[in-house]
>>> print(open('protein_35.json').read())   # JSON, C-alpha atoms
[["chain", "number", "residue", "atom", "x", "y", "z"],
["A", 1, "MET", "CA", -10.30, 1.32, -32.56],
["A", 2, "ASN", "CA", -13.28, 0.07, -30.53],
["A", 3, "ARG", "CA", -11.92, -3.44, -30.60],
["A", 4, "ARG", "CA", -8.58, -2.17, -29.36],
["A", 5, "SER", "CA", -10.10, -0.17, -26.50],
["A", 6, "SER", "CA", -12.27, -3.16, -25.57],
["A", 7, "ARG", "CA", -9.18, -5.36, -25.48],
["A", 8, "SER", "CA", -7.31, -2.92, -23.28],
["A", 9, "SER", "CA", -10.36, -2.70, -20.99],
["A", 10, "GLN", "CA", -10.36, -6.48, -20.73],
["A", 11, "GLN", "CA", -6.66, -6.50, -19.86],
["A", 12, "CYS", "CA", -7.25, -3.79, -17.30],
["A", 13, "LEU", "CA", -10.13, -5.83, -15.86],
["A", 14, "ARG", "CA", -7.96, -8.94, -15.53],
["A", 15, "PHE", "CA", -5.23, -6.88, -13.87],
["A", 16, "LEU", "CA", -7.68, -5.34, -11.40],
["A", 17, "VAL", "CA", -9.13, -8.74, -10.48],
["A", 18, "ALA", "CA", -5.63, -10.19, -9.98],
["A", 19, "THR", "CA", -4.65, -7.21, -7.83],
["A", 20, "TYR", "CA", -7.83, -7.53, -5.79],
["A", 21, "ARG", "CA", -7.14, -11.24, -5.25],
["A", 22, "TRP", "CA", -3.65, -10.36, -4.02],
["A", 23, "LEU", "CA", -4.92, -7.60, -1.73],
["A", 24, "LEU", "CA", -7.24, -10.07, -0.01],
["A", 25, "GLN", "CA", -4.14, -10.96, 2.01],
["A", 26, "LEU", "CA", -4.97, -7.93, 4.11],
["A", 27, "TYR", "CA", -7.88, -9.90, 5.64],
["A", 28, "PRO", "CA", -7.33, -12.41, 8.42],
["A", 29, "ALA", "CA", -6.60, -15.89, 7.04],
["A", 30, "SER", "CA", -9.83, -17.44, 8.36],
["A", 31, "PHE", "CA", -11.97, -14.78, 6.69],
["A", 32, "ARG", "CA", -10.01, -15.12, 3.45],
["A", 33, "ARG", "CA", -10.42, -18.89, 3.43],
["A", 34, "ALA", "CA", -14.16, -18.64, 4.03],
["A", 35, "PHE", "CA", -15.02, -15.85, 1.59],
["A", 36, "GLY", "CA", -11.98, -15.02, -0.59],
["A", 37, "THR", "CA", -13.13, -16.94, -3.69],
["A", 38, "HIS", "CA", -16.64, -15.50, -3.46],
["A", 39, "MET", "CA", -15.36, -11.97, -2.98],
["A", 40, "VAL", "CA", -13.19, -12.26, -6.09],
["A", 41, "GLN", "CA", -16.17, -13.64, -8.00],
["A", 42, "VAL", "CA", -18.38, -10.75, -6.85],
["A", 43, "PHE", "CA", -15.68, -8.21, -7.73],
["A", 44, "ARG", "CA", -15.23, -9.76, -11.17],
["A", 45, "ASP", "CA", -18.99, -9.59, -11.83],
["A", 46, "SER", "CA", -19.05, -5.96, -10.68],
["A", 47, "CYS", "CA", -16.11, -5.15, -12.98],
["A", 48, "HIS", "CA", -17.86, -6.71, -15.99],
["A", 49, "GLN", "CA", -20.96, -4.66, -15.30],
["A", 50, "ALA", "CA", -19.04, -1.41, -14.72],
["A", 51, "GLU", "CA", -17.01, -1.95, -17.89],
["A", 52, "ARG", "CA", -20.15, -2.74, -19.93],
["A", 53, "GLU", "CA", -22.05, 0.30, -18.66],
["A", 54, "HIS", "CA", -19.39, 2.99, -18.25],
["A", 55, "GLY", "CA", -16.19, 1.66, -19.85],
["A", 56, "PHE", "CA", -12.78, 2.46, -18.41],
["A", 57, "PRO", "CA", -13.91, 5.36, -16.12],
["A", 58, "GLY", "CA", -16.54, 3.06, -14.63],
["A", 59, "LEU", "CA", -13.88, 0.45, -13.91],
["A", 60, "MET", "CA", -11.68, 3.01, -12.18],
["A", 61, "THR", "CA", -14.55, 4.35, -10.06],
["A", 62, "LEU", "CA", -15.48, 0.81, -9.04],
["A", 63, "TRP", "CA", -11.85, 0.02, -8.22],
["A", 64, "LEU", "CA", -11.50, 3.04, -5.97],
["A", 65, "ALA", "CA", -14.73, 2.27, -4.11],
["A", 66, "THR", "CA", -13.82, -1.42, -3.73],
["A", 67, "PHE", "CA", -10.30, -0.61, -2.57],
["A", 68, "LEU", "CA", -11.61, 1.71, 0.16],
["A", 69, "ASP", "CA", -14.17, -0.92, 1.16],
["A", 70, "LEU", "CA", -11.38, -3.50, 1.34],
["A", 71, "LEU", "CA", -9.20, -1.32, 3.60],
["A", 72, "ARG", "CA", -12.10, -0.46, 5.89],
["A", 73, "SER", "CA", -13.50, -3.97, 6.17],
["A", 74, "ALA", "CA", -10.06, -5.61, 6.55],
["A", 75, "LEU", "CA", -9.21, -3.31, 9.44],
["A", 76, "ALA", "CA", -12.62, -3.92, 11.03],
["A", 77, "GLU", "CA", -12.21, -7.67, 10.62],
["A", 78, "HIS", "CA", -8.76, -7.63, 12.23],
["A", 79, "LEU", "CA", -10.13, -5.58, 15.12],
["A", 80, "ALA", "CA", -13.07, -7.96, 15.51],
["A", 81, "GLU", "CA", -10.82, -11.02, 15.50],
["A", 82, "GLY", "CA", -8.19, -9.43, 17.70],
["A", 83, "THR", "CA", -5.45, -10.25, 15.20],
["A", 84, "LEU", "CA", -4.23, -6.65, 15.36],
["A", 85, "LEU", "CA", -2.89, -7.48, 18.77],
["A", 86, "SER", "CA", -1.00, -10.53, 17.59],
["A", 87, "ARG", "CA", 2.80, -10.37, 17.63],
["A", 88, "PRO", "CA", 3.44, -11.22, 13.93],
["A", 89, "PHE", "CA", 0.92, -8.63, 12.78],
["A", 90, "PHE", "CA", 2.41, -5.98, 15.07],
["A", 91, "ILE", "CA", 5.96, -6.69, 13.86],
["A", 92, "ARG", "CA", 4.87, -6.70, 10.21],
["A", 93, "ALA", "CA", 2.82, -3.49, 10.49],
["A", 94, "SER", "CA", 5.42, -1.57, 12.49],
["A", 95, "GLY", "CA", 8.18, -2.78, 10.14],
["A", 96, "LEU", "CA", 6.26, -1.52, 7.13],
["A", 97, "LEU", "CA", 5.44, 1.80, 8.79],
["A", 98, "VAL", "CA", 9.05, 2.40, 9.82],
["A", 99, "ILE", "CA", 10.26, 1.61, 6.28],
["A", 100, "VAL", "CA", 7.67, 3.87, 4.67],
["A", 101, "GLY", "CA", 8.44, 6.69, 7.14],
["A", 102, "ALA", "CA", 12.18, 6.40, 6.65],
["A", 103, "THR", "CA", 11.83, 6.32, 2.83],
["A", 104, "VAL", "CA", 9.58, 9.39, 2.82],
["A", 105, "ASP", "CA", 11.97, 11.21, 5.13],
["A", 106, "ALA", "CA", 14.95, 10.39, 2.91],
["A", 107, "LEU", "CA", 13.09, 11.39, -0.26],
["A", 108, "LEU", "CA", 12.20, 14.74, 1.31],
["A", 109, "GLN", "CA", 15.92, 15.47, 1.53],
["A", 110, "VAL", "CA", 16.35, 15.56, -2.23],
["A", 111, "ASP", "CA", 15.88, 19.31, -2.50],
["A", 112, "GLY", "CA", 18.17, 20.19, 0.32],
["A", 113, "GLY", "CA", 16.99, 19.72, 3.84],
["A", 114, "ALA", "CA", 13.20, 19.51, 3.62],
["A", 115, "SER", "CA", 13.48, 16.35, 5.71],
["A", 116, "VAL", "CA", 11.65, 16.43, 9.03],
["A", 117, "VAL", "CA", 14.70, 15.16, 10.92],
["A", 118, "VAL", "CA", 17.23, 17.50, 9.30],
["A", 119, "THR", "CA", 15.02, 20.61, 9.34],
["A", 120, "GLY", "CA", 14.08, 20.03, 12.96],
["A", 121, "TYR", "CA", 17.68, 19.60, 13.99],
["A", 122, "ARG", "CA", 18.80, 22.70, 12.05],
["A", 123, "GLY", "CA", 16.18, 24.65, 14.02],
["A", 124, "VAL", "CA", 17.63, 23.37, 17.30],
["A", 125, "LEU", "CA", 21.17, 24.28, 16.22],
["A", 126, "GLN", "CA", 20.03, 27.81, 15.37],
["A", 127, "TYR", "CA", 18.88, 28.42, 18.95],
["A", 128, "LEU", "CA", 21.67, 26.48, 20.62],
["A", 129, "PRO", "CA", 24.82, 27.57, 18.75],
["A", 130, "GLN", "CA", 26.97, 26.49, 21.68],
["A", 131, "VAL", "CA", 26.19, 22.84, 21.00],
["A", 132, "SER", "CA", 29.52, 21.31, 20.16],
["A", 133, "HIS", "CA", 29.96, 18.79, 17.42],
["A", 134, "GLY", "CA", 26.68, 19.99, 15.94],
["A", 135, "GLU", "CA", 27.56, 18.90, 12.47],
["A", 136, "ALA", "CA", 28.57, 15.50, 13.72],
["A", 137, "LEU", "CA", 25.23, 15.15, 15.42],
["A", 138, "LEU", "CA", 23.53, 16.38, 12.28],
["A", 139, "ARG", "CA", 25.29, 13.67, 10.35],
["A", 140, "GLY", "CA", 24.13, 11.14, 12.91],
["A", 141, "LEU", "CA", 20.56, 12.28, 12.57],
["A", 142, "VAL", "CA", 20.71, 12.09, 8.81],
["A", 143, "TYR", "CA", 21.62, 8.45, 9.17],
["A", 144, "THR", "CA", 18.50, 7.90, 11.30],
["A", 145, "PRO", "CA", 16.32, 7.03, 8.29],
["A", 146, "VAL", "CA", 18.77, 4.30, 7.30],
["A", 147, "VAL", "CA", 18.79, 2.88, 10.83],
["A", 148, "CYS", "CA", 14.97, 3.01, 11.00],
["A", 149, "TYR", "CA", 14.77, 1.45, 7.58],
["A", 150, "THR", "CA", 17.07, -1.41, 8.49],
["A", 151, "LEU", "CA", 15.18, -2.09, 11.71],
["A", 152, "GLY", "CA", 11.88, -2.07, 9.81],
["A", 153, "LEU", "CA", 13.28, -4.45, 7.24],
["A", 154, "ALA", "CA", 14.47, -6.81, 9.94],
["A", 155, "GLY", "CA", 10.99, -6.75, 11.49],
["A", 156, "LEU", "CA", 9.38, -7.48, 8.15],
["A", 157, "LEU", "CA", 11.71, -10.39, 7.49],
["A", 158, "LEU", "CA", 10.95, -11.81, 10.92],
["A", 159, "ALA", "CA", 7.21, -11.72, 10.30],
["A", 160, "GLN", "CA", 6.96, -12.35, 6.58],
["A", 161, "ARG", "CA", 8.19, -15.48, 4.90],
["A", 162, "GLY", "CA", 7.64, -17.01, 1.46],
["A", 163, "TRP", "CA", 7.37, -15.15, -1.84],
["A", 164, "VAL", "CA", 5.73, -12.10, -0.23],
["A", 165, "GLY", "CA", 8.78, -11.80, 1.99],
["A", 166, "ARG", "CA", 11.10, -12.07, -1.00],
["A", 167, "LEU", "CA", 9.11, -9.44, -2.90],
["A", 168, "CYS", "CA", 9.20, -7.08, 0.11],
["A", 169, "MET", "CA", 12.93, -7.69, 0.38],
["A", 170, "SER", "CA", 13.57, -6.84, -3.30],
["A", 171, "LEU", "CA", 11.50, -3.65, -3.12],
["A", 172, "ALA", "CA", 13.16, -2.73, 0.15],
["A", 173, "VAL", "CA", 16.66, -3.10, -1.31],
["A", 174, "LEU", "CA", 15.70, -0.93, -4.30],
["A", 175, "ALA", "CA", 14.26, 1.74, -2.00],
["A", 176, "LEU", "CA", 17.34, 1.57, 0.25],
["A", 177, "GLY", "CA", 19.51, 2.29, -2.80],
["A", 178, "ALA", "CA", 17.37, 5.32, -3.65],
["A", 179, "MET", "CA", 17.52, 6.50, -0.05],
["A", 180, "TRP", "CA", 21.28, 6.18, 0.08],
["A", 181, "ARG", "CA", 21.59, 8.23, -3.11],
["A", 182, "CYS", "CA", 19.43, 10.97, -1.63],
["A", 183, "ILE", "CA", 21.53, 11.14, 1.50],
["A", 184, "SER", "CA", 24.83, 11.15, -0.42],
["A", 185, "SER", "CA", 23.59, 13.97, -2.67],
["A", 186, "MET", "CA", 22.62, 15.94, 0.41],
["A", 187, "PHE", "CA", 26.08, 15.52, 1.92],
["A", 188, "SER", "CA", 27.72, 16.66, -1.31],
["A", 189, "ARG", "CA", 25.55, 19.79, -1.12],
["A", 190, "TYR", "CA", 26.11, 20.38, 2.58],
["A", 191, "PRO", "CA", 29.60, 19.15, 3.39],
["A", 192, "ALA", "CA", 30.44, 18.71, 7.03],
["B", 193, "MET", "CA", -50.74, -6.13, 18.62],
["B", 194, "THR", "CA", -48.46, -9.17, 19.00],
["B", 195, "THR", "CA", -46.20, -9.59, 22.05],
["B", 196, "PRO", "CA", -42.61, -8.69, 21.19],
["B", 197, "ASP", "CA", -40.24, -11.63, 21.09],
["B", 198, "PRO", "CA", -37.21, -10.83, 23.33],
["B", 199, "ALA", "CA", -34.85, -12.70, 21.01],
["B", 200, "VAL", "CA", -36.06, -10.61, 18.08],
["B", 201, "GLU", "CA", -35.96, -7.39, 20.13],
["B", 202, "ARG", "CA", -32.33, -8.00, 21.01],
["B", 203, "LYS", "CA", -31.40, -8.00, 17.33],
["B", 204, "LEU", "CA", -33.05, -4.68, 16.54],
["B", 205, "SER", "CA", -31.36, -1.42, 15.59],
["B", 206, "LEU", "CA", -29.62, -3.22, 12.75],
["B", 207, "THR", "CA", -26.93, -1.40, 10.81],
["B", 208, "PRO", "CA", -28.11, 0.00, 7.46],
["B", 209, "ALA", "CA", -25.97, -2.53, 5.56],
["B", 210, "ILE", "CA", -27.47, -5.52, 7.36],
["B", 211, "PHE", "CA", -31.02, -4.23, 7.09],
["B", 212, "HIS", "CA", -30.58, -3.69, 3.35],
["B", 213, "ILE", "CA", -29.19, -7.21, 2.97],
["B", 214, "LEU", "CA", -32.18, -8.62, 4.85],
["B", 215, "LEU", "CA", -34.52, -6.57, 2.65],
["B", 216, "ALA", "CA", -32.79, -7.88, -0.48],
["B", 217, "LEU", "CA", -33.14, -11.46, 0.75],
["B", 218, "ALA", "CA", -36.78, -10.92, 1.71],
["B", 219, "GLY", "CA", -37.42, -10.89, -2.05],
["B", 220, "GLY", "CA", -35.96, -14.39, -2.42],
["B", 221, "GLU", "CA", -32.67, -16.25, -2.45],
["B", 222, "ARG", "CA", -29.73, -14.39, -3.92],
["B", 223, "HIS", "CA", -26.01, -14.82, -4.37],
["B", 224, "GLY", "CA", -23.53, -12.19, -3.17],
["B", 225, "TYR", "CA", -23.47, -10.19, -6.38],
["B", 226, "GLY", "CA", -27.28, -10.38, -6.60],
["B", 227, "ILE", "CA", -27.56, -8.92, -3.10],
["B", 228, "MET", "CA", -25.23, -6.05, -4.05],
["B", 229, "GLN", "CA", -27.23, -5.32, -7.19],
["B", 230, "GLU", "CA", -30.55, -5.44, -5.35],
["B", 231, "VAL", "CA", -29.32, -3.08, -2.62],
["B", 232, "ALA", "CA", -27.97, -0.62, -5.19],
["B", 233, "ALA", "CA", -31.19, -0.77, -7.21],
["B", 234, "SER", "CA", -33.53, -0.42, -4.23],
["B", 235, "THR", "CA", -31.65, 2.61, -2.92],
["B", 236, "GLN", "CA", -31.28, 4.22, -6.38],
["B", 237, "GLY", "CA", -27.53, 3.79, -6.06],
["B", 238, "GLN", "CA", -27.29, 5.65, -2.75],
["B", 239, "MET", "CA", -25.97, 2.59, -0.97],
["B", 240, "ARG", "CA", -23.42, 0.42, -2.72],
["B", 241, "LEU", "CA", -22.04, -2.48, -0.74],
["B", 242, "GLY", "CA", -18.50, -3.58, -1.48],
["B", 243, "PRO", "CA", -17.58, -7.29, -1.34],
["B", 244, "GLY", "CA", -15.81, -6.76, 2.01],
["B", 245, "THR", "CA", -18.78, -5.11, 3.72],
["B", 246, "LEU", "CA", -21.16, -7.66, 2.23],
["B", 247, "TYR", "CA", -19.34, -10.75, 3.45],
["B", 248, "ARG", "CA", -18.45, -9.18, 6.79],
["B", 249, "SER", "CA", -22.15, -8.56, 7.31],
["B", 250, "ILE", "CA", -23.00, -12.17, 6.51],
["B", 251, "LYS", "CA", -20.14, -13.78, 8.40],
["B", 252, "PRO", "CA", -20.48, -13.44, 12.20],
["B", 253, "PRO", "CA", -22.17, -16.26, 14.14],
["B", 254, "SER", "CA", -24.75, -13.74, 15.36],
["B", 255, "ARG", "CA", -25.88, -13.31, 11.75],
["B", 256, "ARG", "CA", -26.08, -17.01, 10.99],
["B", 257, "CYS", "CA", -29.43, -17.10, 12.75],
["B", 258, "LEU", "CA", -30.68, -14.41, 10.34],
["B", 259, "ILE", "CA", -29.17, -15.59, 7.05],
["B", 260, "GLU", "CA", -28.28, -19.07, 5.90],
["B", 261, "GLU", "CA", -26.70, -20.60, 2.88],
["B", 262, "SER", "CA", -29.03, -22.25, 0.46],
["B", 263, "ASP", "CA", -28.28, -25.51, -1.35],
["B", 264, "GLU", "CA", -30.97, -24.93, -3.94],
["B", 265, "ARG", "CA", -30.05, -23.07, -7.10],
["B", 266, "PRO", "CA", -32.78, -21.04, -8.80],
["B", 267, "ASP", "CA", -31.54, -21.92, -12.27],
["B", 268, "ALA", "CA", -28.51, -24.16, -12.33],
["B", 269, "SER", "CA", -28.20, -24.02, -16.14],
["B", 270, "LEU", "CA", -27.75, -20.22, -16.09],
["B", 271, "ASP", "CA", -25.56, -20.13, -13.08],
["B", 272, "ASN", "CA", -21.99, -20.51, -11.96],
["B", 273, "GLU", "CA", -21.54, -23.49, -9.64],
["B", 274, "ARG", "CA", -19.09, -21.60, -7.44],
["B", 275, "ARG", "CA", -21.69, -19.05, -6.43],
["B", 276, "ARG", "CA", -23.03, -19.32, -2.94],
["B", 277, "TYR", "CA", -26.70, -18.51, -2.44],
["B", 278, "TYR", "CA", -28.18, -17.02, 0.72],
["B", 279, "ARG", "CA", -31.68, -16.84, 2.12],
["B", 280, "LEU", "CA", -33.43, -15.50, 5.19],
["B", 281, "THR", "CA", -34.11, -17.88, 8.04],
["B", 282, "SER", "CA", -37.58, -17.70, 9.58],
["B", 283, "PHE", "CA", -35.99, -15.88, 12.53],
["B", 284, "GLY", "CA", -34.28, -13.49, 10.08],
["B", 285, "GLN", "CA", -37.66, -12.84, 8.48],
["B", 286, "ARG", "CA", -39.14, -11.95, 11.88],
["B", 287, "VAL", "CA", -36.20, -9.68, 12.72],
["B", 288, "ALA", "CA", -36.55, -7.89, 9.35],
["B", 289, "GLU", "CA", -40.27, -7.39, 9.98],
["B", 290, "ALA", "CA", -39.67, -6.12, 13.52],
["B", 291, "GLU", "CA", -36.97, -3.73, 12.30],
["B", 292, "ALA", "CA", -39.26, -2.43, 9.56],
["B", 293, "GLN", "CA", -41.99, -1.84, 12.16],
["B", 294, "ARG", "CA", -39.53, -0.06, 14.44],
["B", 295, "LEU", "CA", -38.49, 2.23, 11.59],
["B", 296, "GLU", "CA", -42.13, 2.79, 10.69],
["B", 297, "ARG", "CA", -42.83, 3.94, 14.25],
["B", 298, "LEU", "CA", -39.88, 6.34, 14.01],
["B", 299, "VAL", "CA", -41.18, 7.74, 10.73],
["B", 300, "ARG", "CA", -44.60, 8.25, 12.31],
["B", 301, "GLN", "CA", -42.97, 10.19, 15.15],
["B", 302, "ALA", "CA", -41.00, 12.30, 12.68],
["B", 303, "HIS", "CA", -44.25, 12.88, 10.78],
["B", 304, "ALA", "CA", -46.06, 13.94, 13.97],
["B", 305, "ARG", "CA", -43.28, 16.44, 14.72],
["B", 306, "HIS", "CA", -43.51, 17.89, 11.20],
["B", 307, "LEU", "CA", -40.04, 16.75, 10.28],
["B", 308, "LEU", "CA", -41.20, 15.41, 6.95],
["B", 309, "GLY", "CA", -41.81, 17.75, 4.02],
["B", 310, "GLU", "CA", -45.18, 18.36, 2.38],
["B", 311, "THR", "CA", -44.40, 16.10, -0.55],
["B", 312, "ARG", "CA", -43.54, 13.16, 1.67],
["B", 313, "GLN", "CA", -46.59, 13.71, 3.83],
["B", 314, "GLY", "CA", -48.74, 13.65, 0.70],
["B", 315, "LEU", "CA", -46.99, 10.50, -0.47],
["B", 316, "LEU", "CA", -47.53, 8.77, 2.87],
["B", 317, "ALA", "CA", -51.20, 9.81, 2.90],
["B", 318, "THR", "CA", -51.65, 8.42, -0.60],
["B", 319, "GLN", "CA", -49.94, 5.16, 0.32],
["B", 320, "GLY", "CA", -52.02, 4.95, 3.51],
["B", 321, "GLY", "CA", -55.21, 5.48, 1.50],
["B", 322, "GLU", "CA", -54.34, 2.72, -0.91],
["B", 323, "MET", "CA", -53.69, 0.23, 1.87]]
>>> encode(input="protein_35.json", output="structure tokens")
Amino acid sequence: MNRRSSRSSQQCLRFLVATYRWLLQLYPASFRRAFGTHMVQVFRDSCHQAEREHGFPGLMTLWLATFLDLLRSALAEHLAEGTLLSRPFFIRASGLLVIVGATVDALLQVDGGASVVVTGYRGVLQYLPQVSHGEALLRGLVYTPVVCYTLGLAGLLLAQRGWVGRLCMSLAVLALGAMWRCISSMFSRYPA
Amino acid sequence: MTTPDPAVERKLSLTPAIFHILLALAGGERHGYGIMQEVAASTQGQMRLGPGTLYRSIKPPSRRCLIEESDERPDASLDNERRRYYRLTSFGQRVAEAEAQRLERLVRQAHARHLLGETRQGLLATQGGEM
């Protein structure tokens, strides 16, 4: 039993180190080149110690702390280097944000109109019943997440090439499918 | 009392992370993980540096005059070749001393204004007596 839990801890440790190495992409390239290997080494040493002293919970606590440190220091490093103002970074970040926002908005529609866009527009229709073609407009607004999503995806593809771009693309297509399903189910519930 | 060095004075009011790194290196050369362990141990776990904060603190050109990489390895047989060791420069040593003195002056002021509890006052008096 102990041997099994130790083996699963080791697998977890390897997974965390690999994930941390991948997440180092959040730092500017120059910083990553200078310190990436050493940061992974330091994280691996910390993981070994946490696993030895506190087992799996220790590993998880360390991971959370290191992840927050990574987010904070990567943002600070980008601000210090001015890369946040660069065009590729702006396109990539805004593309991701638009995709995430559109996905969340579509997923909120699953239980019938909790979406920010749809709920907001229903509120407007309630006070302005004279608005003609309201349902048509409503339909248009429901499609907004898809439009936002597609624009975000285009931005991401512009800024991100290589295998990361392909991975983003695959995940994006899967999420788009889920989003489309949500919207279709909403239309079947609320026919025009 | 020595005349303050303007170059040293300009570096003062270090961030807690940098001061703790300098303190850790004042005890001798250390690699990144060693610095993190030393900082955690010396603060009883109250300050834990992550790899990002650690290397960001070491990186900027303004810090290169305080900390430098060391080519010597304390014990090559027990060590991983990929590790990078750091040590204080002589200027870094002076900045650490000046910062410690600045903090000491602040503690004295806090003491004079009765901001420190009885226990700490007793502790300071004991330490002062021993010195």
>>> interface_residues(input="protein_35.json", of="chain A", to="chain B", cutoff="7 Å", atoms="all atoms listed in the file", output="PyMOL selection string")
chain A and resi 35+38-39+42-43+66+69-70+73
>>> write_last_selection(input="protein_35.json", atoms="C-alpha atoms", output="PDB file, in the frame of the given file")
ATOM      1  CA  PHE A  35     -15.020 -15.850   1.590  1.00  0.00           C
ATOM      2  CA  HIS A  38     -16.640 -15.500  -3.460  1.00  0.00           C
ATOM      3  CA  MET A  39     -15.360 -11.970  -2.980  1.00  0.00           C
ATOM      4  CA  VAL A  42     -18.380 -10.750  -6.850  1.00  0.00           C
ATOM      5  CA  PHE A  43     -15.680  -8.210  -7.730  1.00  0.00           C
ATOM      6  CA  THR A  66     -13.820  -1.420  -3.730  1.00  0.00           C
ATOM      7  CA  ASP A  69     -14.170  -0.920   1.160  1.00  0.00           C
ATOM      8  CA  LEU A  70     -11.380  -3.500   1.340  1.00  0.00           C
ATOM      9  CA  SER A  73     -13.500  -3.970   6.170  1.00  0.00           C
TER      10      SER A  73
END
>>> closest_residue(input="protein_35.json", among="B:Ala288, B:Leu217, B:Ile259, B:Leu307", to="Val200 of chain B", atoms="all atoms listed in the file")
B:Ala288
>>> residues_around(input="protein_35.json", residues="Tyr278 of chain B", least_positions_apart="6", cutoff="12 Å", atoms="only C-alpha atoms", output="ChimeraX atom specification")
/B:213-214,216-227,246-247,250-251,255-256,258-266,284
>>> write_last_selection(input="protein_35.json", atoms="C-alpha atoms", output="PDB file, keeping the file's coordinate frame")
ATOM      1  CA  ILE B 213     -29.190  -7.210   2.970  1.00  0.00           C
ATOM      2  CA  LEU B 214     -32.180  -8.620   4.850  1.00  0.00           C
ATOM      3  CA  ALA B 216     -32.790  -7.880  -0.480  1.00  0.00           C
ATOM      4  CA  LEU B 217     -33.140 -11.460   0.750  1.00  0.00           C
ATOM      5  CA  ALA B 218     -36.780 -10.920   1.710  1.00  0.00           C
ATOM      6  CA  GLY B 219     -37.420 -10.890  -2.050  1.00  0.00           C
ATOM      7  CA  GLY B 220     -35.960 -14.390  -2.420  1.00  0.00           C
ATOM      8  CA  GLU B 221     -32.670 -16.250  -2.450  1.00  0.00           C
ATOM      9  CA  ARG B 222     -29.730 -14.390  -3.920  1.00  0.00           C
ATOM     10  CA  HIS B 223     -26.010 -14.820  -4.370  1.00  0.00           C
ATOM     11  CA  GLY B 224     -23.530 -12.190  -3.170  1.00  0.00           C
ATOM     12  CA  TYR B 225     -23.470 -10.190  -6.380  1.00  0.00           C
ATOM     13  CA  GLY B 226     -27.280 -10.380  -6.600  1.00  0.00           C
ATOM     14  CA  ILE B 227     -27.560  -8.920  -3.100  1.00  0.00           C
ATOM     15  CA  LEU B 246     -21.160  -7.660   2.230  1.00  0.00           C
ATOM     16  CA  TYR B 247     -19.340 -10.750   3.450  1.00  0.00           C
ATOM     17  CA  ILE B 250     -23.000 -12.170   6.510  1.00  0.00           C
ATOM     18  CA  LYS B 251     -20.140 -13.780   8.400  1.00  0.00           C
ATOM     19  CA  ARG B 255     -25.880 -13.310  11.750  1.00  0.00           C
ATOM     20  CA  ARG B 256     -26.080 -17.010  10.990  1.00  0.00           C
ATOM     21  CA  LEU B 258     -30.680 -14.410  10.340  1.00  0.00           C
ATOM     22  CA  ILE B 259     -29.170 -15.590   7.050  1.00  0.00           C
ATOM     23  CA  GLU B 260     -28.280 -19.070   5.900  1.00  0.00           C
ATOM     24  CA  GLU B 261     -26.700 -20.600   2.880  1.00  0.00           C
ATOM     25  CA  SER B 262     -29.030 -22.250   0.460  1.00  0.00           C
ATOM     26  CA  ASP B 263     -28.280 -25.510  -1.350  1.00  0.00           C
ATOM     27  CA  GLU B 264     -30.970 -24.930  -3.940  1.00  0.00           C
ATOM     28  CA  ARG B 265     -30.050 -23.070  -7.100  1.00  0.00           C
ATOM     29  CA  PRO B 266     -32.780 -21.040  -8.800  1.00  0.00           C
ATOM     30  CA  GLY B 284     -34.280 -13.490  10.080  1.00  0.00           C
TER      31      GLY B 284
END
>>> atom_distance(input="protein_35.json", atom1="atom CA of Ala65 of chain A", atom2="atom CA of Gln238 of chain B")
13.1 Å
>>> closest_residue(input="protein_35.json", among="A:Gly36, A:Trp22, A:Arg92, A:Val104", to="Ala154 of chain A", atoms="only C-alpha atoms")
A:Arg92
>>> residues_around(input="protein_35.json", residues="His78 of chain A", least_positions_apart="2", cutoff="12 Å", atoms="all atoms listed in the file", output="ChimeraX atom specification")
/A:25-32,70-76,80-86,89-90 /B:248
>>> decode(input="protein_35.json", residues="segment 285-291 of chain B", atoms="N, CA, C and O atoms", output="JSON list (two decimals), in the first residue's frame")
[["chain", "number", "residue", "atom", "x", "y", "z"],
["B", 285, "GLN", "N", 27.67, 43.20, 0.35],
["B", 285, "GLN", "CA", 27.90, 43.03, 1.80],
["B", 285, "GLN", "C", 27.69, 44.36, 2.52],
["B", 285, "GLN", "O", 27.03, 44.43, 3.55],
["B", 286, "ARG", "N", 28.22, 45.44, 1.90],
["B", 286, "ARG", "CA", 28.09, 46.77, 2.54],
["B", 286, "ARG", "C", 26.64, 47.23, 2.54],
["B", 286, "ARG", "O", 26.16, 47.82, 3.51],
["B", 287, "VAL", "N", 25.93, 46.93, 1.44],
["B", 287, "VAL", "CA", 24.51, 47.32, 1.38],
["B", 287, "VAL", "C", 23.71, 46.55, 2.43],
["B", 287, "VAL", "O", 22.87, 47.12, 3.12],
["B", 288, "ALA", "N", 24.00, 45.25, 2.58],
["B", 288, "ALA", "CA", 23.29, 44.44, 3.59],
["B", 288, "ALA", "C", 23.54, 44.99, 4.98],
["B", 288, "ALA", "O", 22.63, 45.10, 5.81],
["B", 289, "GLU", "N", 24.81, 45.36, 5.25],
["B", 289, "GLU", "CA", 25.14, 45.92, 6.57],
["B", 289, "GLU", "C", 24.41, 47.24, 6.80],
["B", 289, "GLU", "O", 23.84, 47.47, 7.87],
["B", 290, "ALA", "N", 24.43, 48.11, 5.76],
["B", 290, "ALA", "CA", 23.77, 49.41, 5.90],
["B", 290, "ALA", "C", 22.27, 49.25, 6.10],
["B", 290, "ALA", "O", 21.66, 49.98, 6.90],
["B", 291, "GLU", "N", 21.68, 48.28, 5.40],
["B", 291, "GLU", "CA", 20.24, 48.05, 5.54],
["B", 291, "GLU", "C", 19.92, 47.53, 6.95],
["B", 291, "GLU", "O", 18.93, 47.95, 7.57]]
